[in-house]
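In what follows, a single structure is set out as C-alpha cells and then discussed.
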2 protein chains.
Amino acid sequence: MSAYDDLMAFQRDTEALSQVAGRLGWDQETMMPAGAAEQRGEEMAAMEHVLHARRTDPRLGDWLTAMDDATLDPVGQANLRHIRRSYDRSRKVPAKLAAELARTTSVAQGVWARARAAEDFAAFAPTLEKVVTLRQQEAAALAEGGDLYDALLDDYEPGASAQTLETMFGALRPRLVALRERILHAPHQPVPLIGDFPEPGQLALSQELALAFGYDLAHGRIDKAVHPFSSGSGLDVRITTRTNLSDPFNCFYSTIHEVGHAGYEQNIDRAYLLTPLGQGVSMGVHESQSRSYENQIGRCRAFTGFLFQRMQAIFGPLSIADPDAFYASVNRVHPGFIRTEADEVQYNLHILMRFDLERALISGNLAVRDLPGAWNERFEADFGVKVDKPSNGCLQDVHWSLGLFGYFPTYTLGNVYAGCLMKALREALPDLDESLARGDTRPATRWLRDNLQRNGGLYPPRDTIRRACGFEPDEGPLLDYLEAKFSAIYQL
Amino acid sequence: MSAYDDLMAFQRDTEALSQVAGRLGWDQETMMPAGAAEQRGEEMAAMEHVLHARRTDPRLGDWLTAMDDATLDPVGQANLRHIRRSYDRSRKVPAKLAAELARTTSVAQGVWARARAAEDFAAFAPTLEKVVTLRQQEAAALAEGGDLYDALLDDYEPGASAQTLETMFGALRPRLVALRERILHAPHQPVPLIGDFPEPGQLALSQELALAFGYDLAHGRIDKAVHPFSSGSGLDVRITTRTNLSDPFNCFYSTIHEVGHAGYEQNIDRAYLLTPLGQGVSMGVHESQSRSYENQIGRCRAFTGFLFQRMQAIFGPLSIADPDAFYASVNRVHPGFIRTEADEVQYNLHILMRFDLERALISGNLAVRDLPGAWNERFEADFGVKVDKPSNGCLQDVHWSLGLFGYFPTYTLGNVYAGCLMKALREALPDLDESLARGDTRPATRWLRDNLQRNGGLYPPRDTIRRACGFEPDEGPLLDYLEAKFSAIYQL
C-alpha cells in the first residue's frame with residue numbers, strides 16, 4: 001500500500017493548496033483593498049502554476065501505474081478515479097495553451113465588463129472570438145476525436161453528455177414555456193412586497209436563516225459581497241450575501257442558496273478531509289443542494305409562513321398582511337431579461353437557450369458576430385419579449401468571458417436533480433411541512449446529509465443522485481412540482 | 001542576461017507565494033472560523049513545503065553559478081545577494097531537521113500557552129528543551145564552525161553579531177538602569193488618564209491616526225486582533241489593532257506602531273514589487289520604523305498636543321485637563337513585569353535580559369531547568385522587583401516556544417536605530433514640531449520614506465540606517481534622547 005500512501009500524502013498537499021487558492025478568491029471579493037488587484041493577479045497565477053505542476057507531476061503517473069485498483073476499498077478506488085481523471089485531463093492540455101487561456105480570460109473579464117457598461121457587443125466580440133478559439137483548441141486536446149462540447153462539460157459535470165442533456169432539456173422547454181404563458185396571462189397576479197427593510201435587520205434575519213438551515217459558523221463565516229458565493233471545503237466553508245433596501249428576499253434567498261452549497265461541503269464525511277472525496281462531486285449536484293434549500297424548501301408554503309412571522313417580528317407590519325399572499329409574493333413570476341433575477345419557472349428557460357447557443361459557438365455552427373442576433377431571436381421565442389439592449393441580452397453574464405463553456409447546463413441539471421431529491425424527501429418525510437412551518441429544517445437537511453451530502457466525491461454525480469432518490473433521475477419530478485406549485489399560486 | 005531573467009521570473013512566483021502564506025497568517029488572526037484551525041495547519045504546512053522546495057530548488061544553484069555579479073547593476077547585485085543568501089541558508093539545514101522543527105514548534109506554542117495559564121514552568125520545560133536542542137542543531141548546520149547564536153541572529157538581522165550587540169547593549173544597560181531608578185524615585189509622578197473610552201471612538205481616532213501617519217487604505221486595511229501586527233508587502237499591507245475600554249493609548253499607539261511597519265512596506269520603491277528588494281530589509285530596521293512612528297514621533301510633546309485635542313473632541317472632557325500633564329501621562333514610567341506593556345525607558349531592559357538568557361541557552365551555559373531562577377535573579381537586579389509568578393516571568397513571551405532565538409535583540413536594535421534616525425531627522429527638519437503639533441506627520445514620514453523606506457532591501461540593514469542618518473549608528477542618540485525627554489517630564 002506504500003504507493004497509495006505516498007500518492008495520498010502528495011494529494012493532501014495539493015488539496016490544501018487548492019483550498020488556499022480558493023481562500024484568496026474569497027479574500028479578493030470580500031476583504032482585499034482595491035489597490036491590491038495587480039499583486040493579487042500575480043499571487044493567483046503563482047498558485048495556479050504550483051497547482052498545475054502538481055496535477056501533472058510525473059510521480060502521479062508512476063504511482064497510478066504502480067497500483068492495482070482492485071486491491072483497494074471503495075474509498076481508495078474513488079480517490080484513484082478522481083486523481084487519475086485530473087492527471088489525464090491536465091496532461092492532455094499543452095502548458096502553452098493553458099497559459100494562453102489563463103492570460104486571455106483574465107483580460108477578457110475586464111473587456112466584457114467595459115463592453116457591457118458601454119452596451120457595445122462589438123467591443124467584446126474579438127476577445128470572445130479568441131476565448132472561443134482557445135477553448136475549442138483545449139476541447140480538441142481533451143476530446144481526442146470525441147465531442148468537443150462534451151470534453152468541456154466534463155470539467156463541471158463528469159459523466160454528463162450534451163446528448164443526454166439535450167433530451168432532458170428538450171422535454172423541459174415546451175412545458176416550461178407553456179407554464180410561463182399561462183402564469184403571465186392569469187387573471188390573479190400576486191402583489192410585490194413594498195417597503196424599506198433596514199440592513200441590520202436583513203443581516204440579522206439572514207444569519208438566523210443560515211443557522212436554521214444548519215450552517216455551522218464554527219466552520220464558516222458570513223460576509224457581504226457584490227455577487228453572493230460560497231467558498232471552501234472541509235473545516236472552513238464561507239458564504240457571502242448582499243442586501244437591497246427594498247428587496248429583502250434577495251438577501252434571504254441568496255443566503256439560503258449559499259447555505260445549500262456550504263452545507264453540502266460542511267456535511268461531507270470528515271474522513272474525506274483534504275482528499276479528492278472531500279468536496280462536492282460536481283456543479284450539478286452542488287446546484288441541486290443550493291436550489292433545494294432555496295426553492296423546494298425555502299420557498300415552500302410552510303417555510304414562507306415562518307419567514308412571514310420572522311419578518312413581521314423584525315420589520316414590523318408588512319405591506320402584505322396575509323401569509324398566503326406573502327407566499328404568492330415570494331414566488332411571484334414576472335417578466336425580465338436577467339437570468340440571475342429569474343423565478344423558478346423562467347430560470348431554466350434562460351439556461352436552455354445558453355446551452356444551445358454555447359454548443360453552437362463551440363461546434364463552429366454559430367459565429368461570435370452572429371451571437372446577438374441568435375440570442376435575441378431565441379429570447380423572444382421563449383420569453384415573448386424583445387431584448388432591448390446588450391446588457392439585457394448576450395452581455396449579461398460573465399461566464400463566457402471567463403471561458404466557462406459547459407458550465408451553464410449544470411444549473412438546470414441541478415434544478416432537475418433538486419426536483420428528484422425533493423420527491424424522494426417528501427415521500428420519506430410525510431410530516432415535513434409541520435417542522436418547516438416552525439422554521440425547523442433539520443428533518444430535511446438531515447435527510448439530504450445522510451442520503452447525499454456526506455458521500456462527497458465517493459460516487460459519480462448521477463450515481464450520487466440516484467442513490468439518494470432511489471430512482472433514475474429525470475426532468476419529470478421538477479416539471480410536476482413546478483406545474484403543481486404555480487397552478488395553485490396562480491389559480492390556473 | 002537570460003539566466004538573470006529566468007532567475008527573477010522564478011523568484012517572482014516565490015515572492016508571490018510567500019505573500020500568500022503571509023495572508024493566510026493574517027486571515028488566521030482576524031477572519032478564520034474557530035473550527036478551521038486543524039485544516040489551516042495543513043494549508044500552512046503545504047505552503048511551507050512549496051516554499052522550501054523553491055528556496056532549495058537546484059535550478060537556483062545553476063542560475064547563481066551561471067551569473068557574473070559584476071555584470072549587473074546595483075539592483076541586480078542586491079537581488080542576487082538576497083537570493084544567494086536564502087539559497088545557501090535553506091540548503092544547509094537538512095529537510096528532516098526543518099520538518100522536525102516545524103512540527104515541534106507548532107505543538108510547543110500550545111504547550112507554552114497551557115503552562116502559562118497554569119503558572120507551571122515544569123510543564124513547559126521538556127518541550128522548551130526539545131526546541132532549544134533542535135535550534136542548536138540548526139545553528140550548527142548553518143554556522144559551519146562559527147558562532148551558533150550568530151547563525152540564528154542572521155535570520156532576523158543579516159550581518160549582525162552577538163559580539164557587537166553585546167557591546168552596544170552593555171553601554172545601554174547601566175544608563176537605562178540608572179535612569180529608571182531616578183524616574184521611579186522622582187517626587188513628581190505623572191497621573192494616569194482615567195475614564196471609559198467607547199470602542200467606536202477609539203477605532204475612529206485610530207484610523208484617523210493611521211491616515212495621519214500616511215497609511216494607505218487603498219493598499220491596506222485595519223482590523224482587530226488579540227495581538228496587533230502588520231502583514232504583507234507591496235500593494236497589500238494590512239494592519240490590526242485592539243481596544244481596551246479604559247486604556248485608549250493601547251489602541252492608538254498599537255495602531256501607530258503597526259503603521260510604522262506597514263508604512264515602511266508601502267513606501268518601498270514600486271519597481272521592487274515581488275522581488276527580494278520589495279520588503280523591509282531586516283527586523284531591526286523594521287522596528288526602527290515602527291518605534292520612530294510610535295515613540296519618537298507619536299509620543300513627542302508636539303504630537304501628543306494634537307492627540308489631546310482630538311481625544312477631547314471625540315470623548316469629551318478628559319480626566320487630565322492640561323496638555324503638558326497629558327504628555328507626561330502618555331509617557332508615564334511605571335513598574336511592571338511585562339515587556340509588551342513597558343514604557344520607552346524600561347522596554348530595552350526587558351530585551352537585554354532576554355538577549356543574555358537566550359544566548360546562554362543556545363550556547364549550553366544555561367540549562368532550561370535553571371531558566372526561571374536566572375530570569376528572576378536578573379529581573380530583580382535590573383528592575384528592583386521580585387517576579388511573583390511564571391506568567392510575569394520567563395513564561396510571558398511566546399517567542400521561545402516558536403523557536404525564535406535571535407529575534408529579541410532586533411527590538412532594541414530597532415530602538416537604537418530609531419534614536420539615530422530621529423537625531424538626523426530633527427537636524428534636517430528643524431521646524432518638525434510645528435507640523436506635528438497640527439497632527440501633520442508628512443514632513444517626518446516623507447523624510448523616512450525618501451532616506452530609508454523606499455530602498456527596501458537594496459542595502460544591507462546597518463548600511464540602510466547609516467545612509468539615512470549620515471553617520472555610523474550607535475546607542476548614543478537613543479540614550480541622549482531618553483535621558484533628555486524623561487529628565488524633562490520627571491523634572492530630574
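Residue numbers start at 1 in each chain; chains themselves are named A, B, ... in the order of the C-alpha cells; ligands are numbered from 1 in the order shown.
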| task | Would you please extract all helix (DSSP H, G or I) residues from range 174-328 of chain A, as assigned by DSSP on the backbone, and give them as an NGL selection string? | result | :A and (174-184 or 199-212 or 217-219 or 248-266 or 270-272 or 283-297 or 301-315 or 323-328)
With 6 Å as the cut-off and only C-alpha atoms counted, what is the closest atom pair between each nearby residue of chain B and chain A? Distances in Å to one decimal, ordered by chain and number, as CSV.
```
residue,atom,partner,partner_atom,distance
B:Asp13,CA,A:Ala46,CA,5.1
B:Ala16,CA,A:Glu43,CA,4.8
B:Pro33,CA,A:His219,CA,5.4
B:Ala34,CA,A:Ala218,CA,5.5
B:Gly35,CA,A:Ala218,CA,5.0
B:Ala36,CA,A:Leu235,CA,4.9
B:Glu43,CA,A:Ala16,CA,4.8
B:Ala46,CA,A:Asp13,CA,5.1
B:Ala218,CA,A:Gly35,CA,5.0
B:His219,CA,A:Gly35,CA,5.0
B:Gly220,CA,A:Pro33,CA,5.6
B:Leu235,CA,A:Ala36,CA,4.9
B:Asp236,CA,A:Ala36,CA,5.3
```
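Here the question is which of A:Leu128, A:Ala115, A:Leu165, A:Val191 gets nearest to Ala321 in chain A using only C-alpha atoms, and that residue is A:Val191.
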